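Participant: The file below is entry20.csv, CSV, C-alpha atoms and all ligand atoms:
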chain,number,residue,atom,x,y,z
A,1461,MET,CA,23.1,13.1,-13.7
A,1462,LYS,CA,26.7,14.0,-14.2
A,1463,PHE,CA,28.4,13.2,-10.9
A,1464,CYS,CA,28.2,10.4,-8.3
A,1465,SER,CA,26.0,11.6,-5.3
A,1466,GLU,CA,28.1,9.4,-3.0
A,1467,CYS,CA,31.7,10.4,-3.9
A,1468,ALA,CA,31.4,13.3,-6.5
A,1469,HIS,CA,33.3,11.3,-9.2
A,1470,PRO,CA,31.9,11.8,-12.7
A,1471,VAL,CA,29.4,9.0,-13.6
A,1472,GLU,CA,29.2,7.2,-16.9
A,1473,LEU,CA,26.4,5.3,-18.7
A,1474,ALA,CA,27.2,1.6,-18.7
A,1475,VAL,CA,25.4,-1.7,-18.4
A,1476,PRO,CA,26.3,-3.2,-15.0
A,1477,ALA,CA,27.2,-7.0,-14.8
A,1478,GLY,CA,24.0,-9.1,-14.6
A,1479,ASP,CA,21.9,-6.1,-15.9
A,1480,ASN,CA,20.6,-5.4,-19.3
A,1481,ARG,CA,20.1,-1.6,-19.3
A,1482,PRO,CA,22.5,1.3,-19.3
A,1483,ARG,CA,22.7,2.9,-15.8
A,1484,TYR,CA,24.6,5.8,-14.4
A,1485,VAL,CA,27.5,4.0,-12.7
A,1486,CYS,CA,30.5,5.4,-10.7
A,1487,ALA,CA,33.9,3.9,-11.6
A,1488,SER,CA,35.3,5.2,-8.3
A,1489,CYS,CA,32.9,3.9,-5.6
A,1490,ALA,CA,31.0,1.4,-7.8
A,1491,THR,CA,27.6,2.8,-6.9
A,1492,ILE,CA,24.9,2.2,-9.5
A,1493,HIS,CA,22.5,5.1,-9.7
A,1494,TYR,CA,19.1,3.6,-10.7
A,1495,GLN,CA,16.4,5.9,-11.9
A,1496,ASN,CA,12.7,4.9,-11.5
A,1497,PRO,CA,9.3,6.2,-12.3
A,1498,LYS,CA,7.5,8.5,-9.9
A,1499,MET,CA,4.0,8.4,-8.6
A,1500,VAL,CA,1.6,11.3,-8.8
A,1501,LEU,CA,-1.3,11.0,-6.3
A,1502,GLY,CA,-4.5,13.0,-6.3
A,1503,THR,CA,-8.3,12.9,-5.6
A,1504,LEU,CA,-11.5,13.6,-7.4
A,1505,PRO,CA,-13.4,15.5,-4.7
A,1506,VAL,CA,-17.2,15.7,-5.2
A,1507,TRP,CA,-20.1,17.4,-3.5
A,1508,GLU,CA,-23.7,16.3,-4.1
A,1509,SER,CA,-26.7,18.2,-2.9
A,1510,ASP,CA,-30.3,18.0,-4.1
A,1511,GLY,CA,-29.2,15.4,-6.6
A,1512,GLU,CA,-26.7,17.8,-8.3
A,1513,LEU,CA,-23.1,16.7,-8.5
A,1514,LYS,CA,-20.2,19.1,-8.4
A,1515,ILE,CA,-16.5,18.4,-8.8
A,1516,LEU,CA,-13.7,20.4,-7.3
A,1517,LEU,CA,-10.9,21.5,-9.7
A,1518,CYS,CA,-7.8,23.7,-9.1
A,1519,LYS,CA,-6.4,26.3,-11.4
A,1520,ARG,CA,-2.6,25.8,-11.5
A,1521,ALA,CA,-0.4,28.7,-10.2
A,1522,ILE,CA,2.8,26.9,-11.3
A,1523,GLU,CA,4.3,25.5,-14.4
A,1524,PRO,CA,3.8,23.2,-16.2
A,1525,ARG,CA,0.4,24.3,-17.4
A,1526,ARG,CA,0.0,27.4,-15.3
A,1527,GLY,CA,-3.6,28.8,-15.6
A,1528,TYR,CA,-5.1,25.5,-16.6
A,1529,TRP,CA,-7.5,23.4,-14.4
A,1530,THR,CA,-6.6,20.1,-12.8
A,1531,LEU,CA,-7.7,17.7,-10.1
A,1532,PRO,CA,-5.6,18.2,-6.9
A,1533,ALA,CA,-2.6,15.9,-7.3
A,1534,GLY,CA,1.2,15.9,-6.9
A,1535,PHE,CA,4.3,13.8,-6.4
A,1536,MET,CA,4.1,11.1,-3.6
A,1537,GLU,CA,6.7,11.6,-0.9
A,1538,ASN,CA,8.8,9.1,1.0
A,1539,ASN,CA,7.3,7.8,4.3
A,1540,GLU,CA,3.7,8.2,3.2
A,1541,THR,CA,1.1,5.9,1.7
A,1542,THR,CA,-0.7,6.5,-1.6
A,1543,ALA,CA,-3.9,7.5,0.4
A,1544,GLU,CA,-1.9,9.9,2.6
A,1545,ALA,CA,-0.3,11.5,-0.4
A,1546,ALA,CA,-3.7,12.0,-2.1
A,1547,ILE,CA,-5.2,13.6,1.0
A,1548,ARG,CA,-2.1,15.8,1.5
A,1549,GLU,CA,-2.1,17.1,-2.0
A,1550,THR,CA,-5.9,17.9,-1.7
A,1551,VAL,CA,-5.2,19.9,1.4
A,1552,GLU,CA,-2.2,21.6,0.0
A,1553,GLU,CA,-3.6,22.6,-3.3
A,1554,ALA,CA,-7.3,23.2,-2.5
A,1555,GLY,CA,-7.5,23.5,1.3
A,1556,ALA,CA,-10.3,21.0,1.1
A,1557,ASN,CA,-11.7,18.7,3.9
A,1558,ILE,CA,-12.4,15.4,2.3
A,1559,VAL,CA,-13.4,11.8,3.2
A,1560,LEU,CA,-11.2,9.6,1.1
A,1561,GLY,CA,-13.0,6.9,-1.0
A,1562,PRO,CA,-11.5,4.0,-2.9
A,1563,LEU,CA,-8.7,4.2,-5.5
A,1564,PHE,CA,-10.4,5.0,-8.8
A,1565,SER,CA,-7.9,5.3,-11.6
A,1566,LEU,CA,-4.3,4.3,-12.2
A,1567,LEU,CA,-2.9,5.9,-15.4
A,1568,ASN,CA,0.5,5.1,-16.9
A,1569,VAL,CA,2.3,8.0,-18.5
A,1570,ALA,CA,5.4,6.1,-19.5
A,1571,ARG,CA,6.9,8.8,-21.7
A,1572,VAL,CA,7.4,11.0,-18.7
A,1573,HIS,CA,8.2,8.1,-16.3
A,1574,GLN,CA,5.1,8.7,-14.2
A,1575,VAL,CA,2.1,6.7,-12.8
A,1576,HIS,CA,-0.9,8.9,-11.8
A,1577,MET,CA,-3.4,7.6,-9.4
A,1578,PHE,CA,-6.7,9.2,-8.3
A,1579,TYR,CA,-8.9,8.4,-5.3
A,1580,LEU,CA,-12.6,9.2,-5.1
A,1581,ALA,CA,-13.3,11.7,-2.4
A,1582,THR,CA,-16.3,13.5,-0.9
A,1583,LEU,CA,-16.1,17.0,0.5
A,1584,ARG,CA,-17.0,17.4,4.2
A,1585,ASP,CA,-17.9,21.1,3.5
A,1586,LEU,CA,-17.3,23.8,1.0
A,1587,ASP,CA,-14.7,25.6,3.1
A,1588,PHE,CA,-11.9,25.2,0.5
A,1589,ALA,CA,-9.3,27.8,-0.6
A,1590,PRO,CA,-6.5,27.8,-3.1
A,1591,GLY,CA,-3.0,26.8,-1.7
A,1592,GLU,CA,0.3,28.2,-2.8
A,1593,GLU,CA,0.3,26.1,-6.0
A,1594,SER,CA,-3.3,27.1,-7.0
A,1595,LEU,CA,-4.6,30.4,-8.4
A,1596,ASP,CA,-8.2,29.4,-7.8
A,1597,VAL,CA,-10.4,26.5,-6.6
A,1598,GLN,CA,-13.9,26.1,-7.9
A,1599,MET,CA,-16.8,23.6,-8.0
A,1600,PHE,CA,-18.0,22.5,-11.4
A,1601,SER,CA,-21.2,20.7,-12.5
A,1602,GLU,CA,-20.8,18.3,-15.3
A,1603,ALA,CA,-22.0,20.9,-17.8
A,1604,GLN,CA,-19.5,23.5,-16.4
A,1605,ILE,CA,-16.3,21.4,-16.6
A,1606,PRO,CA,-13.7,23.4,-18.6
A,1607,TRP,CA,-12.8,20.6,-21.0
A,1608,ASP,CA,-10.8,23.0,-23.2
A,1609,ASP,CA,-8.7,24.3,-20.3
A,1610,LEU,CA,-7.7,21.1,-18.5
A,1611,ALA,CA,-4.0,20.9,-17.6
A,1612,PHE,CA,-3.3,17.2,-18.1
A,1613,PRO,CA,-4.8,14.2,-20.0
A,1614,THR,CA,-4.8,12.2,-16.7
A,1615,THR,CA,-7.3,14.8,-15.3
A,1616,ARG,CA,-9.4,14.5,-18.5
A,1617,THR,CA,-9.4,10.7,-18.5
A,1618,THR,CA,-10.2,10.4,-14.8
A,1619,LEU,CA,-13.1,12.9,-15.2
A,1620,GLU,CA,-14.4,11.0,-18.2
A,1621,LEU,CA,-14.2,7.7,-16.4
A,1622,PHE,CA,-15.9,9.1,-13.3
A,1623,LEU,CA,-18.8,10.7,-15.2
A,1624,ALA,CA,-19.4,7.4,-17.0
A,1625,ASP,CA,-19.3,5.4,-13.8
A,1626,HIS,CA,-21.5,8.0,-12.0
A,1627,ARG,CA,-24.3,7.4,-14.5
A,1628,ARG,CA,-24.0,3.7,-13.8
A,1629,VAL,CA,-24.1,4.3,-10.1
A,1630,ARG,CA,-27.3,6.3,-10.4
A,1631,GLU,CA,-28.8,3.1,-12.1
A,1632,GLY,CA,-27.6,0.9,-9.2
A,1633,GLY,CA,-24.1,0.1,-10.4
A,1634,GLU,CA,-20.8,0.6,-8.6
A,1635,TYR,CA,-17.7,2.7,-9.2
A,1636,GLY,CA,-15.0,0.6,-10.9
A,1637,PHE,CA,-11.2,0.7,-10.6
A,1638,HIS,CA,-9.7,1.7,-13.9
A,1639,THR,CA,-6.2,1.2,-15.3
A,1640,LEU,CA,-5.2,2.9,-18.5
A,1641,ASP,CA,-2.1,3.9,-20.5
A,1642,ILE,CA,-1.9,7.6,-21.6
A,1643,ASN,CA,0.1,7.8,-24.8
A,1644,ARG,CA,-0.8,11.4,-25.6
A,1645,PRO,CA,1.6,14.2,-24.6
A,1646,MET,CA,1.1,15.4,-21.1
A,1647,ARG,CA,-0.3,18.8,-22.3
A,1648,SER,CA,-3.9,18.0,-22.8
A,1649,ASP,CA,-4.3,20.4,-25.8
A,1650,LEU,CA,-1.6,18.6,-27.9
B,169,MET,CA,23.2,11.5,-0.9
B,170,LYS,CA,26.4,13.5,-0.2
B,171,PHE,CA,27.2,15.4,-3.4
B,172,CYS,CA,25.1,17.2,-6.1
B,173,SER,CA,24.7,14.9,-9.1
B,174,GLU,CA,24.7,18.0,-11.4
B,175,CYS,CA,27.8,19.9,-10.2
B,176,ALA,CA,29.6,17.7,-7.6
B,177,HIS,CA,29.2,20.3,-4.8
B,178,PRO,CA,28.4,18.9,-1.3
B,179,VAL,CA,24.6,18.9,-0.7
B,180,GLU,CA,22.9,19.9,2.5
B,181,LEU,CA,19.5,19.2,4.0
B,182,ALA,CA,17.3,22.3,4.0
B,183,VAL,CA,13.7,23.2,3.5
B,184,PRO,CA,13.4,25.0,0.2
B,185,ALA,CA,11.3,28.2,-0.1
B,186,GLY,CA,7.7,27.3,-0.6
B,187,ASP,CA,8.3,23.7,0.6
B,188,ASN,CA,7.7,22.2,4.0
B,189,ARG,CA,10.1,19.2,4.1
B,190,PRO,CA,13.9,19.0,4.2
B,191,ARG,CA,15.4,18.2,0.9
B,192,TYR,CA,19.0,17.6,-0.4
B,193,VAL,CA,19.8,21.0,-1.9
B,194,CYS,CA,22.9,22.3,-3.7
B,195,ALA,CA,24.1,25.7,-2.6
B,196,SER,CA,26.2,26.0,-5.7
B,197,CYS,CA,23.8,25.3,-8.6
B,198,ALA,CA,20.5,25.5,-6.6
B,199,THR,CA,19.3,22.0,-7.7
B,200,ILE,CA,16.8,20.4,-5.3
B,201,HIS,CA,17.3,16.7,-5.2
B,202,TYR,CA,13.8,15.1,-4.5
B,203,GLN,CA,13.6,11.5,-3.3
B,204,ASN,CA,10.4,9.6,-4.1
B,205,PRO,CA,8.9,6.2,-3.4
B,206,LYS,CA,9.6,3.4,-5.9
B,207,MET,CA,7.1,1.0,-7.4
B,208,VAL,CA,7.7,-2.8,-7.3
B,209,LEU,CA,5.6,-4.7,-10.0
B,210,GLY,CA,4.9,-8.3,-10.2
B,211,THR,CA,2.4,-11.0,-11.1
B,212,LEU,CA,0.5,-13.9,-9.4
B,213,PRO,CA,0.8,-16.5,-12.2
B,214,VAL,CA,-1.6,-19.5,-12.0
B,215,TRP,CA,-2.2,-22.7,-13.8
B,216,GLU,CA,-5.5,-24.5,-13.5
B,217,SER,CA,-6.2,-28.0,-14.9
B,218,ASP,CA,-8.9,-30.5,-13.9
B,219,GLY,CA,-10.1,-28.0,-11.4
B,220,GLU,CA,-6.8,-27.9,-9.5
B,221,LEU,CA,-5.2,-24.5,-9.0
B,222,LYS,CA,-1.4,-24.1,-8.8
B,223,ILE,CA,0.5,-20.9,-8.3
B,224,LEU,CA,4.0,-20.1,-9.5
B,225,LEU,CA,6.6,-18.9,-7.0
B,226,CYS,CA,10.3,-18.1,-7.3
B,227,LYS,CA,13.0,-19.0,-4.8
B,228,ARG,CA,15.2,-15.9,-4.5
B,229,ALA,CA,18.9,-16.2,-5.5
B,230,ILE,CA,19.8,-12.7,-4.3
B,231,GLU,CA,19.5,-10.6,-1.1
B,232,PRO,CA,17.4,-9.5,0.6
B,233,ARG,CA,15.8,-12.8,1.6
B,234,ARG,CA,17.9,-15.2,-0.5
B,235,GLY,CA,16.5,-18.7,-0.4
B,236,TYR,CA,13.0,-17.6,0.4
B,237,TRP,CA,10.0,-17.8,-1.9
B,238,THR,CA,8.3,-14.9,-3.6
B,239,LEU,CA,5.9,-14.0,-6.4
B,240,PRO,CA,7.9,-12.7,-9.4
B,241,ALA,CA,8.3,-9.0,-8.9
B,242,GLY,CA,10.9,-6.2,-9.1
B,243,PHE,CA,11.4,-2.5,-9.5
B,244,MET,CA,9.6,-0.7,-12.3
B,245,GLU,CA,11.9,1.0,-14.8
B,246,ASN,CA,11.6,4.3,-16.6
B,247,ASN,CA,9.9,4.1,-20.1
B,248,GLU,CA,7.6,1.2,-19.2
B,249,THR,CA,4.1,0.8,-17.9
B,250,THR,CA,3.1,-1.0,-14.8
B,251,ALA,CA,1.8,-3.9,-16.9
B,252,GLU,CA,5.0,-4.0,-19.0
B,253,ALA,CA,7.1,-4.1,-15.8
B,254,ALA,CA,5.0,-6.9,-14.3
B,255,ILE,CA,5.4,-9.0,-17.5
B,256,ARG,CA,9.2,-8.2,-17.7
B,257,GLU,CA,9.8,-9.3,-14.1
B,258,THR,CA,7.9,-12.5,-14.6
B,259,VAL,CA,10.0,-13.3,-17.7
B,260,GLU,CA,13.3,-12.3,-16.1
B,261,GLU,CA,12.8,-14.2,-12.8
B,262,ALA,CA,10.7,-17.2,-13.9
B,263,GLY,CA,11.1,-17.5,-17.7
B,264,ALA,CA,7.3,-17.8,-17.7
B,265,ASN,CA,4.9,-17.2,-20.6
B,266,ILE,CA,1.9,-15.4,-19.2
B,267,VAL,CA,-1.3,-13.8,-20.2
B,268,LEU,CA,-1.6,-10.7,-18.0
B,269,GLY,CA,-4.9,-10.2,-16.2
B,270,PRO,CA,-6.2,-7.2,-14.2
B,271,LEU,CA,-4.3,-5.4,-11.5
B,272,PHE,CA,-5.1,-7.3,-8.3
B,273,SER,CA,-3.3,-5.7,-5.3
B,274,LEU,CA,-1.7,-2.4,-4.4
B,275,LEU,CA,0.3,-2.6,-1.2
B,276,ASN,CA,1.9,0.4,0.5
B,277,VAL,CA,5.1,-0.3,2.3
B,278,ALA,CA,5.7,3.3,3.4
B,279,ARG,CA,8.6,2.5,5.8
B,280,VAL,CA,10.8,1.4,2.9
B,281,HIS,CA,9.4,4.0,0.5
B,282,GLN,CA,7.8,1.4,-1.8
B,283,VAL,CA,4.4,0.6,-3.4
B,284,HIS,CA,4.0,-3.0,-4.5
B,285,MET,CA,1.5,-4.0,-7.2
B,286,PHE,CA,0.6,-7.4,-8.4
B,287,TYR,CA,-1.4,-8.4,-11.6
B,288,LEU,CA,-3.3,-11.6,-11.9
B,289,ALA,CA,-1.8,-13.8,-14.7
B,290,THR,CA,-2.4,-17.2,-16.3
B,291,LEU,CA,0.5,-19.3,-17.5
B,292,ARG,CA,0.3,-20.2,-21.2
B,293,ASP,CA,2.4,-23.4,-20.6
B,294,LEU,CA,4.6,-24.9,-18.0
B,295,ASP,CA,7.9,-24.1,-19.8
B,296,PHE,CA,9.3,-21.9,-17.1
B,297,ALA,CA,12.9,-21.8,-15.7
B,298,PRO,CA,14.7,-19.8,-13.1
B,299,GLY,CA,16.3,-16.6,-14.3
B,300,GLU,CA,19.5,-15.1,-12.8
B,301,GLU,CA,17.8,-13.8,-9.7
B,302,SER,CA,16.0,-17.1,-8.9
B,303,LEU,CA,17.4,-20.4,-7.5
B,304,ASP,CA,14.3,-22.3,-8.4
B,305,VAL,CA,10.8,-21.8,-9.8
B,306,GLN,CA,8.0,-24.2,-8.8
B,307,MET,CA,4.2,-24.5,-9.0
B,308,PHE,CA,2.4,-24.8,-5.6
B,309,SER,CA,-1.2,-26.0,-4.9
B,310,GLU,CA,-2.9,-24.1,-2.0
B,311,ALA,CA,-1.9,-26.8,0.4
B,312,GLN,CA,1.8,-26.7,-0.7
B,313,ILE,CA,2.4,-23.0,-0.4
B,314,PRO,CA,5.5,-22.5,1.8
B,315,TRP,CA,3.9,-20.0,4.2
B,316,ASP,CA,6.9,-20.2,6.6
B,317,ASP,CA,9.4,-19.5,3.9
B,318,LEU,CA,7.9,-16.6,2.0
B,319,ALA,CA,10.3,-13.7,1.3
B,320,PHE,CA,8.1,-10.7,1.8
B,321,PRO,CA,4.8,-9.7,3.5
B,322,THR,CA,3.5,-8.3,0.2
B,323,THR,CA,3.7,-11.8,-1.3
B,324,ARG,CA,2.0,-13.3,1.7
B,325,THR,CA,-0.8,-10.7,1.7
B,326,THR,CA,-1.4,-11.0,-2.1
B,327,LEU,CA,-1.6,-14.8,-1.9
B,328,GLU,CA,-4.0,-14.6,1.0
B,329,LEU,CA,-6.2,-12.1,-0.8
B,330,PHE,CA,-6.1,-14.2,-4.0
B,331,LEU,CA,-7.0,-17.5,-2.3
B,332,ALA,CA,-10.0,-15.8,-0.6
B,333,ASP,CA,-11.2,-14.2,-3.9
B,334,HIS,CA,-10.6,-17.5,-5.7
B,335,ARG,CA,-13.1,-19.2,-3.4
B,336,ARG,CA,-15.6,-16.5,-4.1
B,337,VAL,CA,-15.0,-16.8,-7.9
B,338,ARG,CA,-15.8,-20.5,-7.7
B,339,GLU,CA,-19.1,-19.5,-6.2
B,340,GLY,CA,-19.8,-17.1,-9.1
B,341,GLY,CA,-18.1,-14.0,-7.7
B,342,GLU,CA,-15.3,-11.9,-9.3
B,343,TYR,CA,-11.8,-11.1,-8.4
B,344,GLY,CA,-11.5,-7.7,-6.6
B,345,PHE,CA,-8.9,-5.0,-6.6
B,346,HIS,CA,-7.3,-4.6,-3.2
B,347,THR,CA,-5.4,-1.8,-1.6
B,348,LEU,CA,-3.7,-2.3,1.7
B,349,ASP,CA,-1.0,-0.8,3.9
B,350,ILE,CA,1.8,-3.1,5.1
B,351,ASN,CA,3.1,-2.0,8.5
B,352,ARG,CA,5.1,-5.1,9.3
B,353,PRO,CA,8.8,-5.2,8.6
B,354,MET,CA,9.6,-6.4,5.0
B,355,ARG,CA,11.0,-9.7,6.3
B,356,SER,CA,7.9,-11.8,6.5
B,357,ASP,CA,9.2,-13.8,9.5
B,358,LEU,CA,9.6,-10.7,11.8
A,1701,ZN,ZN,30.9,7.3,-6.6
A,1702,ZN,ZN,24.8,21.4,-7.7
Take the structure from the file and write it as structure tokens.
Facilitator:
Amino acid sequence: MKFCSECAHPVELAVPAGDNRPRYVCASCATIHYQNPKMVLGTLPVWESDGELKILLCKRAIEPRRGYWTLPAGFMENNETTAEAAIRETVEEAGANIVLGPLFSLLNVARVHQVHMFYLATLRDLDFAPGEESLDVQMFSEAQIPWDDLAFPTTRTTLELFLADHRRVREGGEYGFHTLDINRPMRSDL
Amino acid sequence: MKFCSECAHPVELAVPAGDNRPRYVCASCATIHYQNPKMVLGTLPVWESDGELKILLCKRAIEPRRGYWTLPAGFMENNETTAEAAIRETVEEAGANIVLGPLFSLLNVARVHQVHMFYLATLRDLDFAPGEESLDVQMFSEAQIPWDDLAFPTTRTTLELFLADHRRVREGGEYGFHTLDINRPMRSDL
């Protein structure tokens, strides 16, 4: 940020009165330009038939991490809820028809000012197709998950938590809600 | 937003290529200025002695809703986690020493582009004191909660969910994690 978005005057970093952090402030119109973390919302869409579980993943068509696999997810927009954002991203990236389940994971990625959240979801059918931001959409059994080619650690962590819970659910348990901090770089291979 | 924060050129609302929503875009430097929802993080700090439960509330010293009671909460900052934000707000507004518990509620307030989250918390001691943004900090038993003078519906909803869960916990149950959409105006009296 270099200029005030309200009056076009150059902004400067300063600690406003009553505050304790430097902010971009405008000396001309006195606007304080706060910057806050963003939410990334997605789903973990599954299909179970004959006792076999498969998970939907998207191959990214855009940077960062083009060509790597991810759960469908993206930035939450104004005027929508977390659930609406998760469904929208799943439609946009995978063309998938889902029934949304409960919120499953909330992952803090403080170093990039993001909070990632994933809902459980079940596919209504297998009529999915890659959207503009995906090169491919595929279903993976647990043994087929491309662990070495996942785009982001939040995808990896959510898949790991899900598979562990899924084993417990088969033994009569329930899916949990999981909060975790991701301290690794956002590239999952680093 | 009237001017580009990168080059000071006037921005215009337009749907960028490959997008489906109007954004503030700069015709001069091509920057797209996305606007995203913000997170509000807080706690529900409790003190139990001799079987009596009390809940900490803050009387707001600032607008909106000056003079009304709220759980300690505020906007999450860059470079912190949801848990760190919840603890920081509790210290800033109530001067309270807490042990943070699990995330308890996630409330979508889509009309004001906010997601509010509250963690359970237990007070380490009763040495709290109002910070700059609070006129007063008090402990309330269930019967004393000022329901008609609460600042925001997310405080009201979180208190209601907590008291219902607390009854279940006394009977051997557990606190849940609750997601809800708040469609009422943010002033709890409207
Ligand atoms: Zn200005
Ligand atoms: Zn510009």
Participant: Would you work out the distance separating CA of Val1551 in chain A from CA of Asp1585 in chain A, expressed in Å to one decimal?
Facilitator: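 According to the coordinates, CA of Val1551 in chain A and CA of Asp1585 in chain A are separated by 12.9 Å.
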Participant: Compile a residue-level contact table for chain A against ligand ZN 1701 (chain A) at a cut-off of 7 Å, reporting for every qualifying residue the shortest atom pair and its distance in Å to one decimal, with only C-alpha atoms and all ligand atoms counted, rows ordered by chain and ascending number, as a tab-separated table.
Facilitator:
residue	atom	partner	partner_atom	distance
A:Cys1464	CA	A:ZN1701	ZN	4.4
A:Ser1465	CA	A:ZN1701	ZN	6.6
A:Glu1466	CA	A:ZN1701	ZN	5.0
A:Cys1467	CA	A:ZN1701	ZN	4.2
A:Ala1468	CA	A:ZN1701	ZN	6.0
A:His1469	CA	A:ZN1701	ZN	5.3
A:Cys1486	CA	A:ZN1701	ZN	4.5
A:Ala1487	CA	A:ZN1701	ZN	6.7
A:Ser1488	CA	A:ZN1701	ZN	5.2
A:Cys1489	CA	A:ZN1701	ZN	4.1
A:Ala1490	CA	A:ZN1701	ZN	6.0
A:Thr1491	CA	A:ZN1701	ZN	5.6
Participant: Would you please work out which residue, of B:Gly299, B:Pro321, B:Pro205, B:Gly344, is nearest to Phe243 in chain B when using only C-alpha atoms?
Facilitator: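 So, comparing all the options, the nearest one is B:Pro205.
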Participant: Can you check which residues of chain A have any atom within 6 Å of chain B? Use all atoms listed in the file and format it as a PyMOL selection string.
Facilitator: chain A and resi 1461-1466+1468+1496-1497+1537-1541+1568+1570-1571+1573
Participant: Pick out the residues sitting within 6 Å of range 304-307 of chain B, and hand them over as an mmCIF file with C-alpha atoms, in the frame of the given file; count only C-alpha atoms, and ignore anything fewer than 5 positions along from it in its own chain.
Facilitator:
data_model
loop_
_atom_site.group_PDB
_atom_site.id
_atom_site.type_symbol
_atom_site.label_atom_id
_atom_site.label_comp_id
_atom_site.auth_asym_id
_atom_site.auth_seq_id
_atom_site.Cartn_x
_atom_site.Cartn_y
_atom_site.Cartn_z
ATOM 1 C CA LYS B 222 -1.400 -24.100 -8.800
ATOM 2 C CA ILE B 223 0.500 -20.900 -8.300
ATOM 3 C CA LEU B 224 4.000 -20.100 -9.500
ATOM 4 C CA LEU B 225 6.600 -18.900 -7.000
ATOM 5 C CA CYS B 226 10.300 -18.100 -7.300
ATOM 6 C CA LYS B 227 13.000 -19.000 -4.800
ATOM 7 C CA PRO B 298 14.700 -19.800 -13.100
#
Participant: Distance CA of Arg1526 in chain A-CA of Ala185 in chain B, one decimal place?
Facilitator: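 If I compute the distance from CA of Arg1526 in chain A to CA of Ala185 in chain B, I get 19.0 Å.
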Participant: Taking 4 positions as the minimum chain separation for residues in the same chain, which residues sit within 9 Å of Ala1546 in chain A when counting only C-alpha atoms? Answer as a ChimeraX atom specification.
Facilitator: /A:1500-1503,1532-1534,1536,1541-1542,1550-1551,1560,1577-1579
Participant: What does the distance from CA of Glu1553 in chain A to CA of His201 in chain B come to in Å, to one decimal?
Facilitator: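 Calculated distance between CA of Glu1553 in chain A and CA of His201 in chain B is 21.8 Å.
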Participant: Which of these residues is nearest to ligand ZN 1702 (chain A), using all atoms listed in the file: B:Ala297, B:Val193, B:Leu181, B:Gln312?
Facilitator: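 Checking each candidate against ligand ZN 1702 (chain A), we get B:Val193 as the closest.
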Participant: For the point (2.0, -18.5, -26.7) in the file's frame, write as a list in words all residues with an atom no more than 12 Å away, counting only C-alpha atoms.
Facilitator: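 Those residues, ordered by chain and then number, are Ala264, Asn265, Ile266, Val267, Thr290, Leu291, Arg292, Asp293, Leu294 and Asp295 of chain B.
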Participant: Excluding same-chain residues fewer than 3 positions from Leu1610 in chain A, what lies within 8 Å of it counting all atoms listed in the file, as a short mmCIF file (atom, residue, chain, number, x, y, z; two decimals) with C-alpha atoms, in the coordinates of the input?
Facilitator:
data_model
loop_
_atom_site.label_atom_id
_atom_site.label_comp_id
_atom_site.auth_asym_id
_atom_site.auth_seq_id
_atom_site.Cartn_x
_atom_site.Cartn_y
_atom_site.Cartn_z
CA TYR A 1528 -5.10 25.50 -16.60
CA TRP A 1529 -7.50 23.40 -14.40
CA THR A 1530 -6.60 20.10 -12.80
CA PRO A 1606 -13.70 23.40 -18.60
CA TRP A 1607 -12.80 20.60 -21.00
CA PRO A 1613 -4.80 14.20 -20.00
CA THR A 1615 -7.30 14.80 -15.30
CA ARG A 1616 -9.40 14.50 -18.50
CA SER A 1648 -3.90 18.00 -22.80
#
Participant: I need the residue nearest ligand ZN 1702 (chain A) from this list: B:Ile200, B:Arg352, B:Phe296, B:Phe272. Use all atoms listed in the file for the distance.
Facilitator: B:Ile200
